[in-house]
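Chemist: Below you'll find target_6.cif; it's mmCIF, C-alpha atoms.
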```cif
data_upload
#
loop_
_atom_site.label_atom_id
_atom_site.label_comp_id
_atom_site.auth_asym_id
_atom_site.auth_seq_id
_atom_site.Cartn_x
_atom_site.Cartn_y
_atom_site.Cartn_z
CA MET C 1 -18.43 -21.16 -4.00
CA ILE C 2 -18.33 -17.48 -4.87
CA TYR C 3 -18.14 -16.72 -1.13
CA LEU C 4 -15.17 -19.05 -0.73
CA GLN C 5 -13.45 -17.39 -3.69
CA LEU C 6 -14.03 -13.93 -2.21
CA LEU C 7 -12.73 -15.08 1.15
CA TRP C 8 -9.60 -16.64 -0.34
CA VAL C 9 -8.83 -13.68 -2.60
CA PHE C 10 -9.14 -11.02 0.08
CA VAL C 11 -7.38 -12.99 2.79
CA LYS C 12 -4.50 -13.37 0.34
CA ILE C 13 -4.52 -9.65 -0.35
CA GLY C 14 -4.60 -8.94 3.39
CA VAL C 15 -1.56 -11.16 4.00
CA LEU C 16 0.53 -9.88 1.09
CA GLY C 17 -0.57 -6.24 1.10
CA PHE C 18 2.65 -4.62 2.28
CA GLY C 19 3.07 -0.90 1.79
CA GLY C 20 -0.43 0.51 2.07
CA GLY C 21 -3.51 0.81 -0.11
CA TYR C 22 -1.79 1.69 -3.36
CA ALA C 23 0.46 -1.35 -3.16
CA MET C 24 -2.65 -3.52 -2.87
CA LEU C 25 -4.05 -2.15 -6.14
CA SER C 26 -1.89 -4.47 -8.21
CA LEU C 27 -2.96 -7.52 -6.22
CA ILE C 28 -6.63 -6.58 -6.32
CA GLN C 29 -6.49 -5.80 -10.03
CA HIS C 30 -4.85 -9.11 -10.88
CA GLU C 31 -7.35 -11.20 -8.93
CA VAL C 32 -10.50 -9.23 -9.58
CA VAL C 33 -10.07 -8.01 -13.16
CA ASP C 34 -7.66 -10.49 -14.80
CA HIS C 35 -8.28 -13.73 -12.93
CA TYR C 36 -11.91 -13.85 -11.77
CA ALA C 37 -13.31 -11.11 -14.06
CA TRP C 38 -15.62 -9.84 -11.33
CA MET C 39 -15.25 -6.36 -12.81
CA THR C 40 -13.90 -4.75 -15.98
CA SER C 41 -10.81 -2.59 -16.22
CA THR C 42 -12.94 0.55 -16.63
CA GLU C 43 -15.04 -0.34 -13.61
CA PHE C 44 -11.84 -0.81 -11.64
CA ALA C 45 -10.55 2.61 -12.72
CA ASP C 46 -13.91 4.18 -11.85
CA MET C 47 -13.86 2.59 -8.41
CA VAL C 48 -10.31 3.77 -7.74
CA ALA C 49 -11.48 7.29 -8.62
CA ILE C 50 -14.52 7.02 -6.35
CA SER C 51 -12.36 5.58 -3.56
CA GLN C 52 -9.99 8.48 -3.83
CA MET C 53 -12.79 10.97 -3.47
CA THR C 54 -14.43 9.28 -0.49
CA PRO C 55 -12.85 9.03 2.95
CA GLY C 56 -11.66 5.71 4.26
CA PRO C 57 -9.05 3.16 3.17
CA ILE C 58 -8.99 2.55 -0.58
CA SER C 59 -8.57 -1.21 -0.16
CA ILE C 60 -11.66 -1.52 2.08
CA ASN C 61 -13.63 0.52 -0.45
CA LEU C 62 -12.54 -1.74 -3.29
CA ALA C 63 -13.21 -4.91 -1.29
CA THR C 64 -16.70 -3.70 -0.48
CA TYR C 65 -17.46 -2.85 -4.09
CA VAL C 66 -15.97 -6.05 -5.51
CA GLY C 67 -17.84 -8.17 -2.97
CA TYR C 68 -21.05 -6.32 -3.81
CA THR C 69 -20.73 -6.78 -7.57
CA ALA C 70 -19.70 -10.42 -7.21
CA ALA C 71 -22.17 -11.60 -4.57
CA GLY C 72 -24.41 -8.79 -3.34
CA PHE C 73 -24.63 -7.34 0.16
CA GLY C 74 -23.34 -10.47 1.89
CA GLY C 75 -20.42 -10.56 -0.48
CA SER C 76 -19.46 -6.98 0.32
CA LEU C 77 -19.36 -7.66 4.06
CA LEU C 78 -17.47 -10.92 3.56
CA ALA C 79 -14.84 -9.36 1.30
CA SER C 80 -14.19 -6.47 3.70
CA PHE C 81 -13.98 -8.81 6.67
CA ALA C 82 -11.67 -11.20 4.79
CA LEU C 83 -9.34 -8.29 4.08
CA CYS C 84 -9.16 -7.48 7.82
CA LEU C 85 -8.80 -11.08 9.01
CA PRO C 86 -5.01 -11.39 8.57
CA SER C 87 -4.58 -8.01 10.31
CA ILE C 88 -6.61 -9.21 13.28
CA ILE C 89 -4.44 -12.30 13.67
CA MET C 90 -1.16 -10.46 13.15
CA VAL C 91 -1.86 -7.51 15.45
CA TYR C 92 -3.05 -9.92 18.12
CA LEU C 93 0.10 -12.03 17.83
CA ILE C 94 2.33 -8.99 17.93
CA LEU C 95 0.65 -7.55 20.98
CA ARG C 96 0.95 -10.92 22.70
CA LEU C 97 4.57 -11.61 21.84
CA PHE C 98 5.70 -8.03 21.51
CA MET C 99 8.54 -7.97 19.09
CA SER C 100 12.06 -7.79 20.46
CA LYS C 101 14.34 -4.99 19.31
CA LYS C 102 16.44 -7.40 17.28
CA ASN C 103 13.45 -8.73 15.36
CA ASN C 104 12.27 -5.20 14.82
CA ALA C 105 15.58 -4.19 13.22
CA LEU C 106 15.40 -7.23 10.96
CA MET C 107 11.87 -6.29 9.96
CA ASP C 108 12.91 -2.67 9.28
CA ASN C 109 15.72 -3.78 7.00
CA THR C 110 13.45 -6.24 5.20
CA LEU C 111 10.90 -3.52 4.56
CA LYS C 112 13.60 -1.18 3.35
CA GLY C 113 14.60 -3.79 0.80
CA LEU C 114 10.98 -4.40 -0.12
CA LYS C 115 10.23 -0.75 -0.87
CA PRO C 116 11.62 -0.59 -4.44
CA ALA C 117 9.66 -3.73 -5.32
CA ILE C 118 6.47 -2.22 -3.90
CA ALA C 119 7.04 0.94 -5.94
CA GLY C 120 7.38 -1.26 -9.03
CA LEU C 121 4.19 -3.07 -8.06
CA ILE C 122 2.24 0.20 -7.94
CA PHE C 123 3.74 1.33 -11.23
CA ALA C 124 2.68 -1.96 -12.84
CA ALA C 125 -0.89 -1.41 -11.60
CA GLY C 126 -0.92 1.97 -13.35
CA LEU C 127 0.56 0.53 -16.55
CA SER C 128 -2.00 -2.28 -16.62
CA MET C 129 -4.75 0.33 -16.55
CA MET C 130 -3.27 2.07 -19.59
CA ASN C 131 -5.49 0.27 -22.08
CA LEU C 132 -7.97 1.16 -24.79
CA GLN C 133 -10.90 0.82 -22.40
CA ASN C 134 -9.58 3.54 -20.14
CA PHE C 135 -8.01 5.67 -22.88
CA SER C 136 -11.14 5.59 -25.00
CA ASP C 137 -10.07 8.01 -27.74
CA PHE C 138 -6.53 6.71 -28.19
CA GLY C 139 -5.76 6.25 -31.88
CA ARG C 140 -9.13 7.63 -32.91
CA GLY C 141 -9.42 11.14 -34.32
CA GLN C 142 -6.56 13.56 -34.27
CA TYR C 143 -6.63 14.64 -30.62
CA ASN C 144 -5.83 12.19 -27.89
CA ILE C 145 -7.54 14.05 -25.08
CA SER C 146 -7.15 11.09 -22.73
CA VAL C 147 -3.37 11.07 -23.20
CA ILE C 148 -3.26 14.82 -22.61
CA ILE C 149 -5.30 14.46 -19.42
CA CYS C 150 -3.04 11.68 -18.21
CA VAL C 151 0.17 13.61 -18.87
CA LEU C 152 -1.12 16.85 -17.34
CA ALA C 153 -2.46 15.04 -14.27
CA PHE C 154 0.85 13.22 -13.90
CA VAL C 155 2.86 16.44 -14.06
CA ALA C 156 0.51 18.18 -11.62
CA SER C 157 0.65 15.25 -9.20
CA TYR C 158 4.34 14.39 -9.45
CA PHE C 159 5.94 17.81 -9.65
CA PHE C 160 3.40 20.02 -7.92
CA LYS C 161 1.80 17.53 -5.52
CA ALA C 162 -1.65 18.67 -6.59
CA ASN C 163 -4.63 17.47 -4.60
CA PRO C 164 -5.86 14.21 -6.20
CA ILE C 165 -9.54 15.05 -5.58
CA LEU C 166 -9.10 18.35 -7.40
CA LEU C 167 -7.42 16.58 -10.32
CA ILE C 168 -10.22 14.01 -10.56
CA VAL C 169 -12.90 16.72 -10.49
CA LEU C 170 -11.07 18.78 -13.12
CA SER C 171 -10.57 15.82 -15.46
CA GLY C 172 -14.22 14.89 -14.97
CA ILE C 173 -15.22 18.38 -16.06
CA VAL C 174 -12.88 18.16 -19.06
CA GLY C 175 -14.38 14.80 -19.99
CA PHE C 176 -17.90 16.20 -19.71
CA ILE C 177 -17.05 19.11 -22.02
CA VAL C 178 -14.93 17.24 -24.56
CA TYR C 179 -16.67 13.91 -25.11
CA MET R 1 -4.95 10.31 9.14
CA LEU R 2 -2.30 9.53 11.79
CA SER R 3 -2.35 13.02 13.23
CA MET R 4 -6.12 12.70 13.66
CA VAL R 5 -5.69 9.40 15.49
CA GLU R 6 -2.95 10.85 17.67
CA LYS R 7 -5.07 13.86 18.55
CA ALA R 8 -8.02 11.68 19.57
CA VAL R 9 -6.17 8.87 21.32
CA VAL R 10 -3.19 10.64 22.89
CA ASP R 11 -4.28 14.25 23.40
CA GLN R 12 -8.00 14.12 24.02
CA LYS R 13 -8.77 10.73 25.54
CA LYS R 14 -5.28 10.24 27.02
CA TRP R 15 -5.53 6.49 26.49
CA ILE R 16 -1.92 5.95 25.45
CA PRO R 17 1.23 8.01 26.17
CA THR R 18 2.77 9.71 23.11
CA ASP R 19 6.03 7.76 22.92
CA GLU R 20 4.32 4.39 23.28
CA PHE R 21 1.82 5.38 20.62
CA TRP R 22 4.52 6.21 18.06
CA ASP R 23 6.57 3.13 18.95
CA MET R 24 3.60 0.92 18.23
CA ILE R 25 2.67 2.83 15.08
CA ALA R 26 6.13 2.02 13.75
CA VAL R 27 5.46 -1.67 14.37
CA VAL R 28 1.90 -1.61 13.04
CA GLN R 29 2.99 0.26 9.94
CA SER R 30 5.40 -2.51 9.00
CA LEU R 31 2.61 -5.10 8.96
CA PRO R 32 0.76 -5.96 5.76
CA GLY R 33 -2.92 -5.18 5.40
CA VAL R 34 -5.04 -2.08 5.79
CA PHE R 35 -3.10 0.42 7.83
CA ALA R 36 -6.17 2.11 9.37
CA VAL R 37 -7.47 -1.29 10.47
CA ASN R 38 -4.13 -2.29 11.98
CA THR R 39 -3.96 0.98 13.91
CA ALA R 40 -7.54 0.62 15.12
CA LEU R 41 -6.93 -2.97 16.24
CA TYR R 42 -3.85 -1.93 18.21
CA VAL R 43 -5.47 1.08 19.89
CA GLY R 44 -8.66 -0.85 20.64
CA HIS R 45 -6.77 -3.78 22.11
CA ARG R 46 -4.52 -1.56 24.18
CA VAL R 47 -7.47 0.34 25.65
CA ALA R 48 -10.14 -2.33 26.08
CA GLY R 49 -8.83 -5.78 25.16
CA THR R 50 -10.24 -8.06 22.52
CA LYS R 51 -13.68 -6.48 22.52
CA GLY R 52 -12.09 -3.07 22.20
CA ALA R 53 -10.03 -4.23 19.25
CA PHE R 54 -13.13 -5.42 17.42
CA ALA R 55 -15.10 -2.30 18.28
CA ALA R 56 -12.30 -0.05 16.99
CA MET R 57 -11.92 -2.12 13.82
CA LEU R 58 -15.64 -1.90 13.08
CA GLY R 59 -15.45 1.85 13.67
CA ALA R 60 -12.65 2.09 11.13
CA ILE R 61 -14.40 0.15 8.37
CA ILE R 62 -18.16 0.68 8.81
CA PRO R 63 -18.19 4.25 7.42
CA SER R 64 -16.28 3.12 4.31
CA ILE R 65 -18.51 0.11 3.76
CA THR R 66 -21.67 2.19 4.15
CA ILE R 67 -20.52 4.96 1.82
CA ILE R 68 -19.36 2.54 -0.86
CA LEU R 69 -22.51 0.43 -0.70
CA LEU R 70 -24.59 3.58 -1.14
CA LEU R 71 -22.42 4.84 -3.99
CA ALA R 72 -22.28 1.39 -5.59
CA THR R 73 -26.05 1.16 -5.87
CA ILE R 74 -26.26 4.70 -7.28
CA PHE R 75 -23.29 4.18 -9.59
CA ARG R 76 -24.59 0.92 -11.03
CA GLU R 77 -27.90 2.59 -11.70
CA TYR R 78 -26.51 5.62 -13.53
CA ARG R 79 -23.27 4.29 -14.98
CA ASP R 80 -24.74 3.89 -18.45
CA GLN R 81 -26.10 7.42 -18.57
CA PRO R 82 -24.22 9.34 -21.29
CA VAL R 83 -23.39 12.22 -18.95
CA VAL R 84 -21.84 9.94 -16.34
CA GLU R 85 -19.97 8.04 -19.05
CA ARG R 86 -18.53 11.30 -20.41
CA ILE R 87 -17.36 12.40 -16.99
CA PHE R 88 -15.70 9.08 -16.26
CA LYS R 89 -14.06 9.00 -19.68
CA GLY R 90 -12.18 12.08 -18.55
CA ILE R 91 -11.47 10.72 -15.09
CA ARG R 92 -9.97 7.33 -16.06
CA PRO R 93 -6.72 8.65 -17.62
CA CYS R 94 -6.34 10.90 -14.59
CA VAL R 95 -6.60 7.86 -12.29
CA VAL R 96 -3.77 6.18 -14.18
CA ALA R 97 -1.62 9.27 -13.64
CA LEU R 98 -2.55 9.34 -9.96
CA ILE R 99 -1.25 5.79 -9.58
CA LEU R 100 1.95 6.26 -11.60
CA ALA R 101 3.02 9.50 -9.89
CA PRO R 102 3.23 8.21 -6.29
CA SER R 103 5.03 5.06 -7.41
CA LEU R 104 7.77 7.15 -9.02
CA ARG R 105 7.93 9.34 -5.93
CA MET R 106 8.31 6.17 -3.86
CA ILE R 107 11.20 5.00 -6.03
CA LYS R 108 12.85 8.35 -5.39
CA SER R 109 12.32 8.17 -1.64
CA ALA R 110 13.59 4.58 -1.52
CA LYS R 111 16.93 5.94 -2.80
CA VAL R 112 17.02 3.57 -5.74
CA THR R 113 20.40 3.74 -7.49
CA TRP R 114 21.25 2.66 -11.04
CA LYS R 115 22.27 -0.70 -9.62
CA THR R 116 19.15 -1.33 -7.56
CA ALA R 117 16.87 0.05 -10.28
CA ILE R 118 16.72 -3.53 -11.53
CA ILE R 119 14.30 -4.36 -8.68
CA PRO R 120 11.40 -2.06 -9.64
CA ILE R 121 12.06 -2.65 -13.36
CA ALA R 122 11.96 -6.42 -12.91
CA THR R 123 8.79 -6.13 -10.81
CA VAL R 124 7.05 -4.08 -13.48
CA PHE R 125 8.24 -6.41 -16.24
CA LEU R 126 7.06 -9.57 -14.45
CA ILE R 127 3.64 -8.23 -13.51
CA TRP R 128 2.78 -6.04 -16.46
CA TRP R 129 4.48 -7.84 -19.33
CA CYS R 130 4.63 -11.48 -18.23
CA LYS R 131 1.31 -11.22 -16.36
CA ILE R 132 2.74 -13.12 -13.42
CA SER R 133 0.56 -12.92 -10.33
CA PRO R 134 1.74 -10.04 -8.09
CA ALA R 135 1.36 -12.45 -5.16
CA TYR R 136 4.36 -14.50 -6.33
CA VAL R 137 6.35 -11.38 -7.08
CA ILE R 138 5.73 -10.08 -3.56
CA LEU R 139 6.70 -13.42 -2.03
CA ALA R 140 9.94 -13.43 -4.02
CA ALA R 141 10.62 -9.82 -3.05
CA ILE R 142 10.04 -10.64 0.64
CA ALA R 143 12.43 -13.58 0.43
CA GLY R 144 15.08 -11.43 -1.28
CA SER R 145 14.69 -8.57 1.19
CA LEU R 146 14.86 -10.94 4.15
CA ILE R 147 18.14 -12.42 2.91
CA TYR R 148 19.44 -8.90 2.34
CA ALA R 149 18.41 -7.87 5.86
CA LEU R 150 20.03 -10.97 7.38
CA ILE R 151 23.29 -10.26 5.55
CA ILE R 152 23.26 -6.67 6.79
CA GLN R 153 22.60 -7.85 10.33
CA ARG R 154 25.44 -10.35 10.20
CA GLN R 155 27.83 -7.75 8.83
CA GLU R 156 26.85 -5.31 11.52
CA SER R 157 27.31 -7.80 14.33
CA LYS R 158 30.63 -8.92 12.81
CA GLY R 159 31.75 -5.32 12.58
CA ARG R 160 30.82 -4.78 16.20
CA LYS R 161 32.80 -7.87 17.29
CA THR R 162 35.99 -6.83 15.52
CA GLU R 163 35.63 -3.36 16.95
CA ASP R 164 35.29 -4.86 20.43
CA ARG R 165 38.44 -6.90 19.91
CA ARG R 166 40.35 -3.87 18.74
CA GLN R 167 39.25 -1.82 21.66
CA ARG R 168 40.21 -4.57 24.03
CA THR R 169 43.72 -4.76 22.62
CA VAL R 170 44.03 -1.02 22.84
CA ILE R 171 42.87 -0.88 26.44
CA SER R 172 44.72 -4.02 27.47
CA PRO R 173 47.58 -3.08 29.80
CA LYS R 174 49.65 -6.00 28.53
CA SER R 175 49.74 -4.58 25.07
CA PRO R 176 53.29 -3.32 24.47
CA VAL R 177 52.24 -0.83 21.82
CA PRO R 178 51.15 2.53 23.20
CA ARG R 179 47.59 3.64 22.65
CA GLN R 180 48.32 6.43 20.29
CA GLU R 181 50.18 4.27 17.79
CA ARG R 182 47.52 1.60 17.74
CA LYS R 183 44.93 4.13 16.80
CA GLU R 184 46.94 5.17 13.79
CA VAL R 185 47.16 1.61 12.52
CA LYS R 186 43.41 1.44 12.48
CA PRO R 187 42.19 1.65 8.91
#
```
Reformat the file's structure so that it appears as structure tokens.
Modeler:
Amino acid sequence: MIYLQLLWVFVKIGVLGFGGGYAMLSLIQHEVVDHYAWMTSTEFADMVAISQMTPGPISINLATYVGYTAAGFGGSLLASFALCLPSIIMVYLILRLFMSKKNNALMDNTLKGLKPAIAGLIFAAGLSMMNLQNFSDFGRGQYNISVIICVLAFVASYFFKANPILLIVLSGIVGFIVY
Amino acid sequence: MLSMVEKAVVDQKKWIPTDEFWDMIAVVQSLPGVFAVNTALYVGHRVAGTKGAFAAMLGAIIPSITIILLLATIFREYRDQPVVERIFKGIRPCVVALILAPSLRMIKSAKVTWKTAIIPIATVFLIWWCKISPAYVILAAIAGSLIYALIIQRQESKGRKTEDRRQRTVISPKSPVPRQERKEVKP
């Protein structure tokens, strides 16, 4: 049963995951944290951090970890494979049929229209992680270090395009000193 | 990542010519799913058929799976240690920022105007506030974008047809109006 659930969830994510790994975060979070409760919101945030610091696609990393926590080693392989399954079918079909120019233009325009929605999807994933589990000192004590870290990291990332790994390491050091 | 793939596949191994590689990347990039896997499947299939596609896909995902399985066992063991907990307490707010920042940059690069800003705002509202499954939101967004793309395509082809007609009347020798004047009438 758990294997069927894993298969279904990650095939769905593989089919609907337009726009790269970040766009899949919202889908994964909804299924894995909110719906099936295979992991907590903090665990999800931790795994996103670990995924960002390790090479390889973030969605494969998350699938592996989710599968492992939900159903052990077999679950991790199944979840990763389920995520790739729609890609296998689609790439195969496309190489067989090879898309005509007209279809390609239609696809380009569709994706152009989809882009603002995908951006909103990613933003929603970030907002959903803004909770008391991840901002542990919010509303307690006079200094909200977690809010300060978040704002500083946002400014560094958005305006100065700072290296995400560097930001994670720095905030980890800050957390180690402060808490 | 793409430049690494190009260097290996196009420059070093010379499996695929450069222009074909980038043409296919454009197609592969528009597909849903894991981009690295899609690219690997395409390159593998192009070079060595179905077996090649599977070999390339495994090559793309096995390192990730191995690393994460290793880290997962270590992480689950030490997660409750106070030191680890302190470090991750600092990291979690940073992760939130690292998700919000690229989404805003994406909105900027998608050239969202005040009118079209309703799309990302509605998406955020539905998923974050109403807790509607992102899957439905994506399906709705795909449907909307497809209709939008079809309208654009129709307009473009219509525009082309009227242009053709105009040109024909201009070139037509039977047309009593001289060329120059016709051009001025054109809006």
Chemist: Taking the file as I've supplied it (selection: the PyMOL selection byres ((chain C and resi 135) around 10)), which residues are included? Please answer as a list in words.
Modeler: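 So the PyMOL selection byres ((chain C and resi 135) around 10) ends up selecting Thr42, Met129, Met130, Asn131, Leu132, Gln133, Asn134, Ser136, Asp137, Phe138, Gly139, Asn144, Ile145, Ser146, Val147, Ile149 and Cys150 of chain C; Lys89, Gly90, Ile91, Arg92, Pro93, Cys94 and Val96 of chain R.
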Chemist: Determine, counting all atoms listed in the file, every residue of protein, DNA or RNA that lies within 9 Å of (-4.0, 2.3, 1.1) in the file coordinates, then give the result as a ChimeraX atom specification.
Modeler: /C:19-25,56-60 /R:33-36
Chemist: Any chance you could export the current selection's C-alpha atoms as a PDB file, keeping the file's coordinate frame?
Modeler:
```pdb
ATOM      1  CA  GLY C  19       3.070  -0.900   1.790  1.00  0.00           C
ATOM      2  CA  GLY C  20      -0.430   0.510   2.070  1.00  0.00           C
ATOM      3  CA  GLY C  21      -3.510   0.810  -0.110  1.00  0.00           C
ATOM      4  CA  TYR C  22      -1.790   1.690  -3.360  1.00  0.00           C
ATOM      5  CA  ALA C  23       0.460  -1.350  -3.160  1.00  0.00           C
ATOM      6  CA  MET C  24      -2.650  -3.520  -2.870  1.00  0.00           C
ATOM      7  CA  LEU C  25      -4.050  -2.150  -6.140  1.00  0.00           C
ATOM      8  CA  GLY C  56     -11.660   5.710   4.260  1.00  0.00           C
ATOM      9  CA  PRO C  57      -9.050   3.160   3.170  1.00  0.00           C
ATOM     10  CA  ILE C  58      -8.990   2.550  -0.580  1.00  0.00           C
ATOM     11  CA  SER C  59      -8.570  -1.210  -0.160  1.00  0.00           C
ATOM     12  CA  ILE C  60     -11.660  -1.520   2.080  1.00  0.00           C
TER      13      ILE C  60
ATOM     14  CA  GLY R  33      -2.920  -5.180   5.400  1.00  0.00           C
ATOM     15  CA  VAL R  34      -5.040  -2.080   5.790  1.00  0.00           C
ATOM     16  CA  PHE R  35      -3.100   0.420   7.830  1.00  0.00           C
ATOM     17  CA  ALA R  36      -6.170   2.110   9.370  1.00  0.00           C
TER      18      ALA R  36
END
```
Chemist: Choose the residue, out of R:Thr162, R:Ser64, R:Thr113, R:Thr73, that has the smallest atom-to-atom separation from chain C; count all atoms listed in the file.
Modeler: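 That would be R:Ser64, the residue with the smallest distance to chain C.
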Chemist: Taking a cut-off of 7 Å and counting only C-alpha atoms, can you build a table that, for each residue of chain R near chain C, reports the nearest atom pair and how far apart they are in Å (one decimal), sorted by chain then residue number, as a Markdown table?
Modeler:
```
| residue | atom | partner | partner_atom | distance |
| --- | --- | --- | --- | --- |
| R:Leu31 | CA | C:Phe18 | CA | 6.7 |
| R:Pro32 | CA | C:Phe18 | CA | 4.2 |
| R:Gly33 | CA | C:Gly14 | CA | 4.6 |
| R:Val34 | CA | C:Gly20 | CA | 6.5 |
| R:Phe35 | CA | C:Gly20 | CA | 6.3 |
| R:Ala36 | CA | C:Pro57 | CA | 6.9 |
| R:Val37 | CA | C:Cys84 | CA | 6.9 |
| R:Asn38 | CA | C:Ser87 | CA | 6.0 |
| R:Leu41 | CA | C:Val91 | CA | 6.9 |
| R:Tyr42 | CA | C:Val91 | CA | 6.5 |
| R:Ser64 | CA | C:Gly56 | CA | 5.3 |
| R:Ile65 | CA | C:Thr64 | CA | 6.0 |
| R:Ile68 | CA | C:Asn61 | CA | 6.1 |
| R:Leu69 | CA | C:Tyr65 | CA | 6.9 |
| R:Ala72 | CA | C:Tyr65 | CA | 6.6 |
| R:Val83 | CA | C:Phe176 | CA | 6.8 |
| R:Arg86 | CA | C:Phe176 | CA | 5.0 |
| R:Ile87 | CA | C:Gly172 | CA | 4.5 |
| R:Phe88 | CA | C:Gly172 | CA | 6.1 |
| R:Lys89 | CA | C:Gly175 | CA | 5.8 |
| R:Gly90 | CA | C:Gly175 | CA | 3.8 |
| R:Ile91 | CA | C:Gly172 | CA | 5.0 |
| R:Arg92 | CA | C:Asn134 | CA | 5.6 |
| R:Pro93 | CA | C:Cys150 | CA | 4.8 |
| R:Cys94 | CA | C:Cys150 | CA | 5.0 |
| R:Val95 | CA | C:Ala49 | CA | 6.1 |
| R:Val96 | CA | C:Gly126 | CA | 5.2 |
| R:Ala97 | CA | C:Phe154 | CA | 4.7 |
| R:Leu98 | CA | C:Phe154 | CA | 6.5 |
| R:Ile99 | CA | C:Gly126 | CA | 5.4 |
| R:Leu100 | CA | C:Phe123 | CA | 5.3 |
| R:Ala101 | CA | C:Tyr158 | CA | 5.1 |
| R:Ser103 | CA | C:Ala119 | CA | 4.8 |
| R:Leu104 | CA | C:Ala119 | CA | 7.0 |
| R:Met106 | CA | C:Ala119 | CA | 5.8 |
| R:Ile107 | CA | C:Ala119 | CA | 5.8 |
| R:Ala110 | CA | C:Pro116 | CA | 6.3 |
| R:Val112 | CA | C:Pro116 | CA | 6.9 |
| R:Ile119 | CA | C:Ala117 | CA | 5.8 |
| R:Pro120 | CA | C:Gly120 | CA | 4.1 |
| R:Ile121 | CA | C:Gly120 | CA | 6.5 |
| R:Thr123 | CA | C:Gly120 | CA | 5.4 |
| R:Val124 | CA | C:Ala124 | CA | 4.9 |
| R:Ile127 | CA | C:Ala124 | CA | 6.4 |
| R:Trp128 | CA | C:Ala124 | CA | 5.5 |
| R:Ser133 | CA | C:His30 | CA | 6.6 |
| R:Pro134 | CA | C:Leu27 | CA | 5.7 |
| R:Ala135 | CA | C:Leu27 | CA | 6.6 |
| R:Ile138 | CA | C:Leu16 | CA | 7.0 |
| R:Ala141 | CA | C:Leu114 | CA | 6.2 |
| R:Ile142 | CA | C:Leu114 | CA | 6.4 |
| R:Ser145 | CA | C:Gly113 | CA | 4.8 |
| R:Leu146 | CA | C:Thr110 | CA | 5.0 |
| R:Ala149 | CA | C:Asn109 | CA | 5.0 |
| R:Leu150 | CA | C:Leu106 | CA | 6.9 |
```
Chemist: Just to confirm, what's the straight-line distance from CA of Gly159 in chain R to CA of Lys115 in chain R in Å (one decimal)?
Modeler: 24.6 Å
Chemist: At what distance in Å, to one decimal, does CA of Arg96 in chain C lie from CA of Phe54 in chain R?
Modeler: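 These atoms are spaced 16.0 Å apart.
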Chemist: Distance CA of Asp80 in chain R-CA of Ala70 in chain C, one decimal place?
Modeler: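 Result for CA of Asp80 in chain R versus CA of Ala70 in chain C: 18.9 Å, one decimal.
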Chemist: Evaluate the PyMOL selection byres ((chain C and resi 4-6) around 8) against this structure - the residues, as a CSV table (one decimal) with C-alpha atoms, in the coordinates of the input, please.
Modeler:
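The result, written out as result_25.csv:
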```
chain,number,residue,atom,x,y,z
C,1,MET,CA,-18.4,-21.2,-4.0
C,2,ILE,CA,-18.3,-17.5,-4.9
C,3,TYR,CA,-18.1,-16.7,-1.1
C,7,LEU,CA,-12.7,-15.1,1.2
C,8,TRP,CA,-9.6,-16.6,-0.3
C,9,VAL,CA,-8.8,-13.7,-2.6
C,10,PHE,CA,-9.1,-11.0,0.1
C,67,GLY,CA,-17.8,-8.2,-3.0
C,75,GLY,CA,-20.4,-10.6,-0.5
C,78,LEU,CA,-17.5,-10.9,3.6
C,79,ALA,CA,-14.8,-9.4,1.3
C,82,ALA,CA,-11.7,-11.2,4.8
```
Chemist: Can you list, as a PyMOL selection string, every protein, DNA or RNA residue that comes within 10 Å of range 11-17 of chain R when you count all atoms listed in the file, leaving out same-chain residues fewer than 5 positions away?
Modeler: chain R and resi 5-6+22+43-44+46-48
Chemist: Would you mind putting N, CA and C atoms back on range 69-77 of chain R and writing the result as a PDB file, in the coordinates of the input?
Modeler:
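That gives us selection-v3.pdb:
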```
ATOM      1  N   LEU R  69     -21.285   1.139  -0.325  1.00  0.00           N
ATOM      2  CA  LEU R  69     -22.510   0.430  -0.700  1.00  0.00           C
ATOM      3  C   LEU R  69     -23.548   1.392  -1.271  1.00  0.00           C
ATOM      4  N   LEU R  70     -23.665   2.559  -0.625  1.00  0.00           N
ATOM      5  CA  LEU R  70     -24.590   3.580  -1.140  1.00  0.00           C
ATOM      6  C   LEU R  70     -24.195   4.011  -2.545  1.00  0.00           C
ATOM      7  N   LEU R  71     -22.898   4.366  -2.683  1.00  0.00           N
ATOM      8  CA  LEU R  71     -22.420   4.840  -3.990  1.00  0.00           C
ATOM      9  C   LEU R  71     -22.515   3.745  -5.047  1.00  0.00           C
ATOM     10  N   ALA R  72     -22.264   2.486  -4.628  1.00  0.00           N
ATOM     11  CA  ALA R  72     -22.280   1.390  -5.590  1.00  0.00           C
ATOM     12  C   ALA R  72     -23.675   1.236  -6.194  1.00  0.00           C
ATOM     13  N   THR R  73     -24.696   1.307  -5.342  1.00  0.00           N
ATOM     14  CA  THR R  73     -26.050   1.160  -5.870  1.00  0.00           C
ATOM     15  C   THR R  73     -26.381   2.317  -6.816  1.00  0.00           C
ATOM     16  N   ILE R  74     -25.989   3.547  -6.407  1.00  0.00           N
ATOM     17  CA  ILE R  74     -26.260   4.700  -7.280  1.00  0.00           C
ATOM     18  C   ILE R  74     -25.454   4.578  -8.570  1.00  0.00           C
ATOM     19  N   PHE R  75     -24.180   4.221  -8.425  1.00  0.00           N
ATOM     20  CA  PHE R  75     -23.290   4.180  -9.590  1.00  0.00           C
ATOM     21  C   PHE R  75     -23.734   3.135 -10.599  1.00  0.00           C
ATOM     22  N   ARG R  76     -24.158   1.971 -10.096  1.00  0.00           N
ATOM     23  CA  ARG R  76     -24.590   0.920 -11.030  1.00  0.00           C
ATOM     24  C   ARG R  76     -25.866   1.304 -11.755  1.00  0.00           C
ATOM     25  N   GLU R  77     -26.653   2.128 -11.086  1.00  0.00           N
ATOM     26  CA  GLU R  77     -27.900   2.590 -11.700  1.00  0.00           C
ATOM     27  C   GLU R  77     -27.627   3.575 -12.842  1.00  0.00           C
TER      28      GLU R  77
END
```
